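> Supplied structure: structure33.txt, compact mmCIF, N, CA and C atoms.
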```txt
# COMPACT_ATOMS: atom_id res chain seq x y z
N MET A 1 -27.02 -29.02 -3.78
CA MET A 1 -27.00 -28.27 -5.02
C MET A 1 -27.36 -29.23 -6.16
N SER A 2 -28.24 -28.78 -6.98
CA SER A 2 -28.63 -29.55 -8.15
C SER A 2 -27.46 -29.65 -9.12
N LEU A 3 -27.39 -30.75 -9.81
CA LEU A 3 -26.33 -30.93 -10.80
C LEU A 3 -26.41 -29.88 -11.89
N PHE A 4 -27.63 -29.43 -12.18
CA PHE A 4 -27.82 -28.42 -13.23
C PHE A 4 -27.36 -27.03 -12.79
N ASN A 5 -27.37 -26.76 -11.48
CA ASN A 5 -26.87 -25.47 -10.99
C ASN A 5 -25.37 -25.30 -11.22
N ILE A 6 -24.68 -26.43 -11.35
CA ILE A 6 -23.24 -26.37 -11.60
C ILE A 6 -22.96 -25.61 -12.89
N PHE A 7 -23.82 -25.81 -13.89
CA PHE A 7 -23.62 -25.12 -15.16
C PHE A 7 -23.80 -23.61 -15.01
N ASN A 8 -24.73 -23.19 -14.15
CA ASN A 8 -24.91 -21.75 -13.89
C ASN A 8 -23.69 -21.16 -13.18
N VAL A 9 -23.19 -21.89 -12.21
CA VAL A 9 -22.04 -21.40 -11.44
C VAL A 9 -20.79 -21.35 -12.31
N THR A 10 -20.51 -22.43 -13.04
CA THR A 10 -19.31 -22.43 -13.88
C THR A 10 -19.45 -21.44 -15.03
N GLY A 11 -20.66 -21.27 -15.54
CA GLY A 11 -20.88 -20.28 -16.61
C GLY A 11 -20.60 -18.87 -16.14
N SER A 12 -21.08 -18.54 -14.93
CA SER A 12 -20.83 -17.19 -14.40
C SER A 12 -19.34 -17.00 -14.11
N ALA A 13 -18.68 -18.05 -13.65
CA ALA A 13 -17.25 -17.96 -13.36
C ALA A 13 -16.45 -17.78 -14.64
N MET A 14 -16.82 -18.51 -15.70
CA MET A 14 -16.11 -18.37 -16.97
C MET A 14 -16.33 -16.98 -17.56
N SER A 15 -17.54 -16.46 -17.42
CA SER A 15 -17.82 -15.10 -17.90
C SER A 15 -16.98 -14.07 -17.15
N ALA A 16 -16.87 -14.23 -15.83
CA ALA A 16 -16.07 -13.31 -15.02
C ALA A 16 -14.59 -13.40 -15.39
N GLN A 17 -14.09 -14.60 -15.59
CA GLN A 17 -12.68 -14.76 -15.95
C GLN A 17 -12.41 -14.23 -17.35
N SER A 18 -13.40 -14.28 -18.21
CA SER A 18 -13.26 -13.71 -19.55
C SER A 18 -13.11 -12.19 -19.47
N VAL A 19 -13.90 -11.56 -18.59
CA VAL A 19 -13.77 -10.12 -18.37
C VAL A 19 -12.39 -9.81 -17.81
N ARG A 20 -11.93 -10.63 -16.88
CA ARG A 20 -10.60 -10.45 -16.29
C ARG A 20 -9.50 -10.56 -17.35
N LEU A 21 -9.61 -11.54 -18.24
CA LEU A 21 -8.63 -11.71 -19.31
C LEU A 21 -8.66 -10.52 -20.28
N ASN A 22 -9.83 -10.05 -20.63
CA ASN A 22 -9.94 -8.90 -21.53
C ASN A 22 -9.37 -7.63 -20.91
N THR A 23 -9.62 -7.44 -19.62
CA THR A 23 -9.08 -6.28 -18.92
C THR A 23 -7.55 -6.34 -18.86
N THR A 24 -7.03 -7.52 -18.58
CA THR A 24 -5.58 -7.72 -18.54
C THR A 24 -4.97 -7.46 -19.91
N ALA A 25 -5.62 -7.95 -20.96
CA ALA A 25 -5.12 -7.72 -22.32
C ALA A 25 -5.09 -6.24 -22.65
N SER A 26 -6.11 -5.51 -22.23
CA SER A 26 -6.15 -4.06 -22.44
C SER A 26 -5.02 -3.36 -21.70
N ASN A 27 -4.78 -3.79 -20.46
CA ASN A 27 -3.68 -3.21 -19.69
C ASN A 27 -2.33 -3.46 -20.35
N LEU A 28 -2.12 -4.69 -20.81
CA LEU A 28 -0.85 -5.02 -21.46
C LEU A 28 -0.69 -4.28 -22.79
N ALA A 29 -1.78 -4.12 -23.52
CA ALA A 29 -1.71 -3.43 -24.81
C ALA A 29 -1.33 -1.96 -24.64
N ASN A 30 -1.70 -1.37 -23.51
CA ASN A 30 -1.43 0.04 -23.26
C ASN A 30 -0.25 0.28 -22.33
N ALA A 31 0.46 -0.76 -21.95
CA ALA A 31 1.55 -0.65 -20.97
C ALA A 31 2.67 0.28 -21.42
N ASN A 32 2.93 0.36 -22.70
CA ASN A 32 4.04 1.17 -23.19
C ASN A 32 3.59 2.46 -23.87
N SER A 33 2.34 2.83 -23.69
CA SER A 33 1.87 4.07 -24.29
C SER A 33 2.44 5.27 -23.52
N VAL A 34 2.50 6.40 -24.20
CA VAL A 34 3.08 7.61 -23.63
C VAL A 34 2.10 8.76 -23.84
N SER A 35 2.06 9.67 -22.88
CA SER A 35 1.18 10.82 -23.00
C SER A 35 1.90 12.07 -22.52
N SER A 36 1.34 13.21 -22.89
CA SER A 36 1.95 14.48 -22.48
C SER A 36 1.24 15.11 -21.29
N SER A 37 0.20 14.44 -20.77
CA SER A 37 -0.48 14.96 -19.58
C SER A 37 -0.99 13.81 -18.72
N ILE A 38 -1.17 14.09 -17.46
CA ILE A 38 -1.65 13.08 -16.52
C ILE A 38 -3.07 12.64 -16.88
N ASP A 39 -3.91 13.59 -17.29
CA ASP A 39 -5.30 13.29 -17.58
C ASP A 39 -5.49 12.38 -18.78
N GLU A 40 -4.58 12.44 -19.74
CA GLU A 40 -4.69 11.65 -20.97
C GLU A 40 -3.99 10.29 -20.86
N THR A 41 -3.27 10.05 -19.79
CA THR A 41 -2.50 8.82 -19.64
C THR A 41 -3.41 7.65 -19.26
N TYR A 42 -3.17 6.53 -19.89
CA TYR A 42 -3.93 5.31 -19.60
C TYR A 42 -3.66 4.88 -18.17
N LYS A 43 -4.70 4.50 -17.46
CA LYS A 43 -4.58 3.98 -16.10
C LYS A 43 -5.01 2.52 -16.10
N ALA A 44 -4.26 1.68 -15.41
CA ALA A 44 -4.56 0.25 -15.34
C ALA A 44 -5.98 0.05 -14.82
N ARG A 45 -6.64 -0.94 -15.37
CA ARG A 45 -8.01 -1.25 -14.98
C ARG A 45 -8.08 -2.64 -14.37
N ASN A 46 -8.99 -2.80 -13.41
CA ASN A 46 -9.16 -4.09 -12.74
C ASN A 46 -10.65 -4.36 -12.56
N PRO A 47 -11.09 -5.61 -12.85
CA PRO A 47 -12.50 -5.95 -12.63
C PRO A 47 -12.77 -6.17 -11.15
N VAL A 48 -14.00 -5.90 -10.75
CA VAL A 48 -14.43 -6.13 -9.37
C VAL A 48 -15.50 -7.22 -9.40
N PHE A 49 -15.27 -8.30 -8.67
CA PHE A 49 -16.19 -9.44 -8.64
C PHE A 49 -16.92 -9.50 -7.31
N ALA A 50 -18.08 -10.14 -7.33
CA ALA A 50 -18.85 -10.38 -6.11
C ALA A 50 -19.56 -11.72 -6.25
N THR A 51 -19.89 -12.30 -5.12
CA THR A 51 -20.65 -13.54 -5.12
C THR A 51 -22.09 -13.23 -5.50
N ALA A 52 -22.65 -14.02 -6.38
CA ALA A 52 -24.04 -13.86 -6.79
C ALA A 52 -24.83 -15.02 -6.22
N LEU A 53 -25.61 -14.75 -5.18
CA LEU A 53 -26.39 -15.79 -4.53
C LEU A 53 -27.84 -15.70 -5.00
N ALA A 54 -28.36 -16.81 -5.43
CA ALA A 54 -29.77 -16.85 -5.84
C ALA A 54 -30.62 -16.98 -4.59
N ASP A 55 -31.54 -16.03 -4.40
CA ASP A 55 -32.42 -16.14 -3.23
C ASP A 55 -33.72 -16.84 -3.65
N ALA A 56 -34.69 -16.87 -2.77
CA ALA A 56 -35.92 -17.60 -3.03
C ALA A 56 -36.69 -17.06 -4.24
N LYS A 57 -36.55 -15.78 -4.53
CA LYS A 57 -37.25 -15.17 -5.66
C LYS A 57 -36.54 -15.43 -6.98
N GLY A 58 -35.31 -15.88 -6.91
CA GLY A 58 -34.55 -16.15 -8.13
C GLY A 58 -33.73 -14.97 -8.61
N ASP A 59 -33.67 -13.85 -7.84
CA ASP A 59 -32.83 -12.74 -8.26
C ASP A 59 -31.48 -12.83 -7.57
N TYR A 60 -30.59 -11.88 -7.87
CA TYR A 60 -29.23 -11.96 -7.36
C TYR A 60 -28.91 -10.77 -6.48
N ARG A 61 -28.10 -11.03 -5.49
CA ARG A 61 -27.57 -9.98 -4.62
C ARG A 61 -26.07 -10.10 -4.65
N GLY A 62 -25.38 -8.95 -4.66
CA GLY A 62 -23.95 -8.98 -4.89
C GLY A 62 -23.06 -8.79 -3.70
N ASN A 63 -23.57 -8.62 -2.49
CA ASN A 63 -22.69 -8.37 -1.36
C ASN A 63 -22.27 -9.69 -0.73
N SER A 64 -21.07 -10.12 -1.06
CA SER A 64 -20.61 -11.43 -0.61
C SER A 64 -20.32 -11.47 0.89
N LEU A 65 -20.22 -10.32 1.54
CA LEU A 65 -19.91 -10.31 2.96
C LEU A 65 -21.15 -10.51 3.81
N THR A 66 -22.32 -10.09 3.33
CA THR A 66 -23.52 -10.19 4.15
C THR A 66 -24.39 -11.38 3.78
N ASN A 67 -24.27 -11.91 2.59
CA ASN A 67 -25.09 -13.05 2.20
C ASN A 67 -24.45 -14.33 2.71
N GLN A 68 -25.27 -15.17 3.27
CA GLN A 68 -24.80 -16.45 3.79
C GLN A 68 -25.31 -17.56 2.88
N THR A 69 -24.43 -18.47 2.48
CA THR A 69 -24.88 -19.58 1.65
C THR A 69 -25.52 -20.62 2.55
N GLN A 70 -26.67 -21.10 2.11
CA GLN A 70 -27.33 -22.17 2.81
C GLN A 70 -26.83 -23.48 2.22
N ALA A 71 -27.01 -24.55 2.94
CA ALA A 71 -26.55 -25.85 2.46
C ALA A 71 -27.17 -26.14 1.10
N GLY A 72 -26.35 -26.39 0.12
CA GLY A 72 -26.84 -26.75 -1.20
C GLY A 72 -27.17 -25.58 -2.10
N GLN A 73 -26.99 -24.35 -1.66
CA GLN A 73 -27.31 -23.19 -2.49
C GLN A 73 -26.12 -22.83 -3.36
N ALA A 74 -26.37 -22.62 -4.64
CA ALA A 74 -25.31 -22.30 -5.58
C ALA A 74 -24.89 -20.84 -5.45
N ALA A 75 -23.61 -20.60 -5.50
CA ALA A 75 -23.08 -19.23 -5.43
C ALA A 75 -22.21 -18.99 -6.65
N GLY A 76 -22.73 -18.22 -7.59
CA GLY A 76 -21.98 -17.89 -8.78
C GLY A 76 -21.17 -16.61 -8.58
N VAL A 77 -20.69 -16.08 -9.68
CA VAL A 77 -19.88 -14.86 -9.65
C VAL A 77 -20.51 -13.84 -10.59
N LYS A 78 -20.48 -12.58 -10.20
CA LYS A 78 -20.89 -11.54 -11.13
C LYS A 78 -19.87 -10.42 -11.10
N VAL A 79 -19.81 -9.70 -12.20
CA VAL A 79 -18.88 -8.59 -12.33
C VAL A 79 -19.62 -7.32 -11.91
N LEU A 80 -19.12 -6.67 -10.86
CA LEU A 80 -19.75 -5.43 -10.40
C LEU A 80 -19.34 -4.25 -11.26
N GLY A 81 -18.14 -4.33 -11.82
CA GLY A 81 -17.66 -3.23 -12.67
C GLY A 81 -16.16 -3.34 -12.87
N ILE A 82 -15.64 -2.33 -13.56
CA ILE A 82 -14.21 -2.25 -13.80
C ILE A 82 -13.74 -0.91 -13.27
N VAL A 83 -12.71 -0.94 -12.42
CA VAL A 83 -12.22 0.29 -11.80
C VAL A 83 -10.79 0.58 -12.27
N GLU A 84 -10.46 1.86 -12.26
CA GLU A 84 -9.09 2.27 -12.61
C GLU A 84 -8.22 2.20 -11.37
N SER A 85 -6.98 1.83 -11.57
CA SER A 85 -6.02 1.71 -10.48
C SER A 85 -5.67 3.08 -9.92
N ASP A 86 -5.46 3.14 -8.61
CA ASP A 86 -5.04 4.38 -7.95
C ASP A 86 -3.53 4.51 -7.85
N ASP A 87 -2.80 3.51 -8.35
CA ASP A 87 -1.34 3.57 -8.31
C ASP A 87 -0.85 4.79 -9.08
N PRO A 88 0.26 5.37 -8.63
CA PRO A 88 0.76 6.58 -9.32
C PRO A 88 1.27 6.26 -10.72
N LEU A 89 1.12 7.21 -11.62
CA LEU A 89 1.63 7.06 -12.98
C LEU A 89 3.14 7.20 -12.98
N GLN A 90 3.78 6.70 -14.03
CA GLN A 90 5.22 6.84 -14.16
C GLN A 90 5.51 8.15 -14.89
N ILE A 91 6.30 8.99 -14.25
CA ILE A 91 6.67 10.27 -14.85
C ILE A 91 8.15 10.22 -15.17
N GLU A 92 8.48 10.57 -16.40
CA GLU A 92 9.86 10.47 -16.86
C GLU A 92 10.27 11.79 -17.52
N TYR A 93 11.46 12.24 -17.18
CA TYR A 93 12.00 13.46 -17.79
C TYR A 93 12.64 13.09 -19.12
N ALA A 94 12.03 13.56 -20.21
CA ALA A 94 12.53 13.27 -21.57
C ALA A 94 12.24 14.50 -22.44
N PRO A 95 13.05 15.56 -22.28
CA PRO A 95 12.75 16.82 -22.98
C PRO A 95 12.79 16.70 -24.51
N ASN A 96 13.49 15.71 -25.05
CA ASN A 96 13.57 15.56 -26.51
C ASN A 96 12.46 14.68 -27.09
N HIS A 97 11.65 14.11 -26.24
CA HIS A 97 10.56 13.24 -26.71
C HIS A 97 9.46 14.10 -27.34
N PRO A 98 8.91 13.69 -28.48
CA PRO A 98 7.87 14.49 -29.14
C PRO A 98 6.60 14.67 -28.31
N MET A 99 6.35 13.80 -27.36
CA MET A 99 5.15 13.91 -26.52
C MET A 99 5.42 14.64 -25.20
N ALA A 100 6.62 15.15 -24.99
CA ALA A 100 6.95 15.82 -23.73
C ALA A 100 6.11 17.08 -23.54
N ASP A 101 5.75 17.34 -22.28
CA ASP A 101 5.00 18.57 -22.00
C ASP A 101 5.96 19.76 -21.96
N GLU A 102 5.46 20.93 -21.60
CA GLU A 102 6.29 22.14 -21.61
C GLU A 102 7.46 22.09 -20.63
N ASN A 103 7.37 21.20 -19.62
CA ASN A 103 8.45 21.02 -18.65
C ASN A 103 9.40 19.89 -19.01
N GLY A 104 9.13 19.18 -20.13
CA GLY A 104 9.99 18.12 -20.60
C GLY A 104 9.65 16.74 -20.05
N TYR A 105 8.47 16.58 -19.47
CA TYR A 105 8.07 15.30 -18.88
C TYR A 105 7.10 14.55 -19.79
N ILE A 106 7.22 13.23 -19.77
CA ILE A 106 6.24 12.36 -20.40
C ILE A 106 5.63 11.48 -19.31
N TYR A 107 4.43 11.01 -19.56
CA TYR A 107 3.69 10.23 -18.57
C TYR A 107 3.39 8.85 -19.13
N LYS A 108 3.69 7.85 -18.33
CA LYS A 108 3.47 6.46 -18.74
C LYS A 108 2.45 5.82 -17.80
N PRO A 109 1.73 4.80 -18.29
CA PRO A 109 0.69 4.15 -17.48
C PRO A 109 1.26 3.48 -16.23
N ASN A 110 0.37 3.25 -15.28
CA ASN A 110 0.73 2.57 -14.03
C ASN A 110 0.52 1.06 -14.15
N VAL A 111 0.83 0.51 -15.31
CA VAL A 111 0.66 -0.92 -15.57
C VAL A 111 1.95 -1.65 -15.22
N ASN A 112 1.84 -2.64 -14.35
CA ASN A 112 2.96 -3.49 -13.98
C ASN A 112 2.85 -4.76 -14.84
N THR A 113 3.70 -4.88 -15.85
CA THR A 113 3.57 -5.99 -16.80
C THR A 113 3.75 -7.36 -16.14
N MET A 114 4.63 -7.47 -15.16
CA MET A 114 4.82 -8.76 -14.48
C MET A 114 3.55 -9.14 -13.72
N GLU A 115 2.95 -8.18 -13.04
CA GLU A 115 1.71 -8.43 -12.31
C GLU A 115 0.59 -8.80 -13.28
N GLU A 116 0.53 -8.13 -14.40
CA GLU A 116 -0.50 -8.42 -15.40
C GLU A 116 -0.32 -9.81 -16.01
N MET A 117 0.92 -10.22 -16.25
CA MET A 117 1.17 -11.56 -16.79
C MET A 117 0.74 -12.63 -15.78
N ALA A 118 1.05 -12.41 -14.51
CA ALA A 118 0.62 -13.35 -13.47
C ALA A 118 -0.90 -13.39 -13.38
N ASN A 119 -1.54 -12.23 -13.52
CA ASN A 119 -2.99 -12.13 -13.50
C ASN A 119 -3.59 -12.88 -14.69
N MET A 120 -2.96 -12.76 -15.85
CA MET A 120 -3.44 -13.44 -17.05
C MET A 120 -3.33 -14.96 -16.90
N ILE A 121 -2.23 -15.43 -16.35
CA ILE A 121 -2.06 -16.87 -16.14
C ILE A 121 -3.10 -17.39 -15.14
N SER A 122 -3.32 -16.65 -14.07
CA SER A 122 -4.30 -17.04 -13.07
C SER A 122 -5.71 -17.09 -13.64
N ALA A 123 -6.09 -16.07 -14.41
CA ALA A 123 -7.42 -16.03 -15.02
C ALA A 123 -7.59 -17.17 -16.03
N SER A 124 -6.55 -17.42 -16.81
CA SER A 124 -6.61 -18.48 -17.80
C SER A 124 -6.78 -19.85 -17.14
N ARG A 125 -6.05 -20.09 -16.07
CA ARG A 125 -6.16 -21.37 -15.36
C ARG A 125 -7.51 -21.51 -14.68
N SER A 126 -8.02 -20.44 -14.13
CA SER A 126 -9.34 -20.48 -13.51
C SER A 126 -10.41 -20.77 -14.55
N TYR A 127 -10.31 -20.14 -15.70
CA TYR A 127 -11.25 -20.39 -16.79
C TYR A 127 -11.18 -21.86 -17.21
N GLN A 128 -9.97 -22.37 -17.37
CA GLN A 128 -9.78 -23.76 -17.78
C GLN A 128 -10.35 -24.73 -16.74
N THR A 129 -10.16 -24.43 -15.47
CA THR A 129 -10.70 -25.28 -14.40
C THR A 129 -12.22 -25.31 -14.45
N ASN A 130 -12.84 -24.17 -14.69
CA ASN A 130 -14.30 -24.13 -14.78
C ASN A 130 -14.81 -24.87 -16.00
N VAL A 131 -14.07 -24.85 -17.10
CA VAL A 131 -14.45 -25.64 -18.28
C VAL A 131 -14.41 -27.13 -17.92
N GLN A 132 -13.38 -27.55 -17.19
CA GLN A 132 -13.27 -28.95 -16.79
C GLN A 132 -14.41 -29.35 -15.85
N VAL A 133 -14.79 -28.46 -14.94
CA VAL A 133 -15.90 -28.75 -14.02
C VAL A 133 -17.19 -28.92 -14.81
N ALA A 134 -17.44 -28.01 -15.76
CA ALA A 134 -18.66 -28.11 -16.58
C ALA A 134 -18.65 -29.39 -17.41
N ASP A 135 -17.49 -29.75 -17.94
CA ASP A 135 -17.39 -30.97 -18.74
C ASP A 135 -17.65 -32.20 -17.87
N THR A 136 -17.12 -32.21 -16.65
CA THR A 136 -17.34 -33.32 -15.73
C THR A 136 -18.82 -33.42 -15.36
N ALA A 137 -19.47 -32.29 -15.12
CA ALA A 137 -20.90 -32.29 -14.79
C ALA A 137 -21.72 -32.80 -15.98
N LYS A 138 -21.32 -32.43 -17.18
CA LYS A 138 -22.00 -32.91 -18.39
C LYS A 138 -21.87 -34.43 -18.51
N THR A 139 -20.67 -34.94 -18.27
CA THR A 139 -20.43 -36.38 -18.33
C THR A 139 -21.26 -37.11 -17.27
N MET A 140 -21.32 -36.55 -16.08
CA MET A 140 -22.11 -37.16 -15.01
C MET A 140 -23.59 -37.18 -15.37
N THR A 141 -24.07 -36.10 -15.96
CA THR A 141 -25.47 -36.03 -16.37
C THR A 141 -25.78 -37.06 -17.44
N GLN A 142 -24.89 -37.20 -18.41
CA GLN A 142 -25.08 -38.19 -19.47
C GLN A 142 -25.11 -39.61 -18.91
N ARG A 143 -24.23 -39.90 -17.95
CA ARG A 143 -24.19 -41.22 -17.35
C ARG A 143 -25.47 -41.48 -16.53
N LEU A 144 -25.95 -40.43 -15.85
CA LEU A 144 -27.18 -40.56 -15.08
C LEU A 144 -28.36 -40.87 -16.00
N LEU A 145 -28.41 -40.21 -17.15
CA LEU A 145 -29.48 -40.47 -18.11
C LEU A 145 -29.40 -41.87 -18.68
N ARG A 146 -28.17 -42.36 -18.92
CA ARG A 146 -27.99 -43.73 -19.42
C ARG A 146 -28.43 -44.76 -18.40
N MET A 147 -28.19 -44.46 -17.11
CA MET A 147 -28.63 -45.38 -16.05
C MET A 147 -30.15 -45.47 -16.03
N GLY A 148 -30.82 -44.37 -16.31
CA GLY A 148 -32.28 -44.36 -16.31
C GLY A 148 -32.87 -45.12 -17.47
N GLN A 149 -32.09 -45.32 -18.54
CA GLN A 149 -32.58 -46.04 -19.70
C GLN A 149 -32.53 -47.56 -19.49
N GLY A 150 -31.60 -47.99 -18.67
CA GLY A 150 -31.36 -49.43 -18.51
C GLY A 150 -32.24 -50.05 -17.57
```
Written as structure tokens, how would this file's structure read?


Amino acid sequence: MSLFNIFNVTGSAMSAQSVRLNTTASNLANANSVSSSIDETYKARNPVFATALADAKGDYRGNSLTNQTQAGQAAGVKVLGIVESDDPLQIEYAPNHPMADENGYIYKPNVNTMEEMANMISASRSYQTNVQVADTAKTMTQRLLRMGQG
């Protein structure tokens, strides 16, 4: 793998982790929202990632299960999309709540705040690690250029 490909790989990883952090922030921001119907209730969202392998033409394919990395080939990350969680919503009987439906129920999102906090820490650390990798590659490149001058 070329030293310059490292910047492409770490850049794609940082971009993916940024999407993950934004999605987690959205989930946490809506964790305590309340609705009067199932259809209007916020559902937790999760990003879907795939390996992005550069082939001979220079384009990307996203199926990480069928693509095989060759020796020295860079494998970045791409975001395939953001999906809503299939976990059941929280239904609570609160007949005095202003948002209660005609049966006295309110609906809360299927966001697990502890899981989201762990997800946020993981994404943040992954982002930080990729920044360190890019910084190390930059330092190595600078040293290589200095060696060529001497």

> Have a look at A:Asp86, A:Ser37, A:Leu53, A:Tyr127 and name the one nearest to Ala74 (chain A); count all atoms listed in the file.

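That would be A:Leu53, the residue with the smallest distance to Ala74 (chain A).
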
> Show me the residues close to (-2.9, -12.7, -19.2) - anything with an atom within 6 Å, counting only N, CA and C atoms - and format the list as an NGL selection string.

:A and (21 or 24-25 or 116-117 or 119-121)

> List the spatial neighbours of Tyr93 (chain A) as a list in words - criterion: any atom at most 12 Å away, only C-alpha atoms, same-chain residues fewer than 3 positions off excluded.

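Here the qualifying residues turn out to be Ser36, Gln90, Asn96, His97, Met99, Ala100, Asp101, Glu102, Asn103, Gly104, Tyr105, Ile106, Tyr107 and Lys108 of chain A.
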
> Could you state the separation of CA of Glu115 (chain A) and CA of Val79 (chain A) in Å, given to one decimal place?

20.6 Å

> Using 8 Å as the limit and counting all atoms listed in the file, can you tabulate each residue of region 106-140 of chain A that touches region 6-11 of chain A, with its shortest atom-to-atom distance in Å and the two atoms involved, as CSV?


```
residue,atom,partner,partner_atom,distance
A:Thr129,C,A:Thr10,CA,7.7
A:Asn130,CA,A:Thr10,CA,5.4
A:Val131,N,A:Thr10,CA,6.6
A:Val133,C,A:Thr10,CA,6.9
A:Ala134,CA,A:Phe7,CA,6.0
A:Ala137,CA,A:Ile6,CA,7.1
A:Lys138,N,A:Phe7,N,7.8
```

> So which residues of region 1-133 of chain A fall under helix (DSSP H, G or I) by DSSP, listed as a VMD selection string?

chain A and resid 5 to 29 113 to 133

> Using CA of Thr23 (chain A) and CA of Thr136 (chain A) as the two end points, give the distance in Å to one decimal.

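Computing it gives 28.5 Å between the two atoms.
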
> For Asp87 (chain A), which of A:Ala44, A:Gly148, A:Ser124, A:Ala75 is the closest residue, counting all atoms listed in the file?

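For Asp87 (chain A), the nearest of the candidates is A:Ala44.
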
> From the options A:Val111, A:Ala123, A:Val77, A:Ala52, which residue's atoms come nearest to Asn32 (chain A), counting only N, CA and C atoms?

A:Val111

> Kindly complete region 38-52 of chain A to N, CA, C and O atoms; the output should be written as a PDB file, keeping the file's coordinate frame.


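Final output, rebuild24.pdb:
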```pdb
ATOM      1  N   ILE A  38      -1.170  14.090 -17.460  1.00  0.00           N
ATOM      2  CA  ILE A  38      -1.650  13.080 -16.520  1.00  0.00           C
ATOM      3  C   ILE A  38      -3.070  12.640 -16.880  1.00  0.00           C
ATOM      4  O   ILE A  38      -3.405  11.470 -16.805  1.00  0.00           O
ATOM      5  N   ASP A  39      -3.910  13.590 -17.290  1.00  0.00           N
ATOM      6  CA  ASP A  39      -5.300  13.290 -17.580  1.00  0.00           C
ATOM      7  C   ASP A  39      -5.490  12.380 -18.780  1.00  0.00           C
ATOM      8  O   ASP A  39      -6.452  11.634 -18.862  1.00  0.00           O
ATOM      9  N   GLU A  40      -4.580  12.440 -19.740  1.00  0.00           N
ATOM     10  CA  GLU A  40      -4.690  11.650 -20.970  1.00  0.00           C
ATOM     11  C   GLU A  40      -3.990  10.290 -20.860  1.00  0.00           C
ATOM     12  O   GLU A  40      -4.130   9.463 -21.759  1.00  0.00           O
ATOM     13  N   THR A  41      -3.270  10.050 -19.790  1.00  0.00           N
ATOM     14  CA  THR A  41      -2.500   8.820 -19.640  1.00  0.00           C
ATOM     15  C   THR A  41      -3.410   7.650 -19.260  1.00  0.00           C
ATOM     16  O   THR A  41      -4.292   7.786 -18.412  1.00  0.00           O
ATOM     17  N   TYR A  42      -3.170   6.530 -19.890  1.00  0.00           N
ATOM     18  CA  TYR A  42      -3.930   5.310 -19.600  1.00  0.00           C
ATOM     19  C   TYR A  42      -3.660   4.880 -18.170  1.00  0.00           C
ATOM     20  O   TYR A  42      -2.523   4.886 -17.710  1.00  0.00           O
ATOM     21  N   LYS A  43      -4.700   4.500 -17.460  1.00  0.00           N
ATOM     22  CA  LYS A  43      -4.580   3.980 -16.100  1.00  0.00           C
ATOM     23  C   LYS A  43      -5.010   2.520 -16.100  1.00  0.00           C
ATOM     24  O   LYS A  43      -6.000   2.163 -16.734  1.00  0.00           O
ATOM     25  N   ALA A  44      -4.260   1.680 -15.410  1.00  0.00           N
ATOM     26  CA  ALA A  44      -4.560   0.250 -15.340  1.00  0.00           C
ATOM     27  C   ALA A  44      -5.980   0.050 -14.820  1.00  0.00           C
ATOM     28  O   ALA A  44      -6.444   0.782 -13.942  1.00  0.00           O
ATOM     29  N   ARG A  45      -6.640  -0.940 -15.370  1.00  0.00           N
ATOM     30  CA  ARG A  45      -8.010  -1.250 -14.980  1.00  0.00           C
ATOM     31  C   ARG A  45      -8.080  -2.640 -14.370  1.00  0.00           C
ATOM     32  O   ARG A  45      -7.354  -3.548 -14.791  1.00  0.00           O
ATOM     33  N   ASN A  46      -8.990  -2.800 -13.410  1.00  0.00           N
ATOM     34  CA  ASN A  46      -9.160  -4.090 -12.740  1.00  0.00           C
ATOM     35  C   ASN A  46     -10.650  -4.360 -12.560  1.00  0.00           C
ATOM     36  O   ASN A  46     -11.405  -3.490 -12.133  1.00  0.00           O
ATOM     37  N   PRO A  47     -11.090  -5.610 -12.850  1.00  0.00           N
ATOM     38  CA  PRO A  47     -12.500  -5.950 -12.630  1.00  0.00           C
ATOM     39  C   PRO A  47     -12.770  -6.170 -11.150  1.00  0.00           C
ATOM     40  O   PRO A  47     -11.878  -6.572 -10.390  1.00  0.00           O
ATOM     41  N   VAL A  48     -14.000  -5.900 -10.750  1.00  0.00           N
ATOM     42  CA  VAL A  48     -14.430  -6.130  -9.370  1.00  0.00           C
ATOM     43  C   VAL A  48     -15.500  -7.220  -9.400  1.00  0.00           C
ATOM     44  O   VAL A  48     -16.507  -7.073 -10.099  1.00  0.00           O
ATOM     45  N   PHE A  49     -15.270  -8.300  -8.670  1.00  0.00           N
ATOM     46  CA  PHE A  49     -16.190  -9.440  -8.640  1.00  0.00           C
ATOM     47  C   PHE A  49     -16.920  -9.500  -7.310  1.00  0.00           C
ATOM     48  O   PHE A  49     -16.431  -9.004  -6.299  1.00  0.00           O
ATOM     49  N   ALA A  50     -18.080 -10.140  -7.330  1.00  0.00           N
ATOM     50  CA  ALA A  50     -18.850 -10.380  -6.110  1.00  0.00           C
ATOM     51  C   ALA A  50     -19.560 -11.720  -6.250  1.00  0.00           C
ATOM     52  O   ALA A  50     -19.806 -12.189  -7.361  1.00  0.00           O
ATOM     53  N   THR A  51     -19.890 -12.300  -5.120  1.00  0.00           N
ATOM     54  CA  THR A  51     -20.650 -13.540  -5.120  1.00  0.00           C
ATOM     55  C   THR A  51     -22.090 -13.230  -5.500  1.00  0.00           C
ATOM     56  O   THR A  51     -22.671 -12.284  -4.998  1.00  0.00           O
ATOM     57  N   ALA A  52     -22.650 -14.020  -6.380  1.00  0.00           N
ATOM     58  CA  ALA A  52     -24.040 -13.860  -6.790  1.00  0.00           C
ATOM     59  C   ALA A  52     -24.830 -15.020  -6.220  1.00  0.00           C
ATOM     60  O   ALA A  52     -24.739 -16.149  -6.683  1.00  0.00           O
TER      61      ALA A  52
END
```
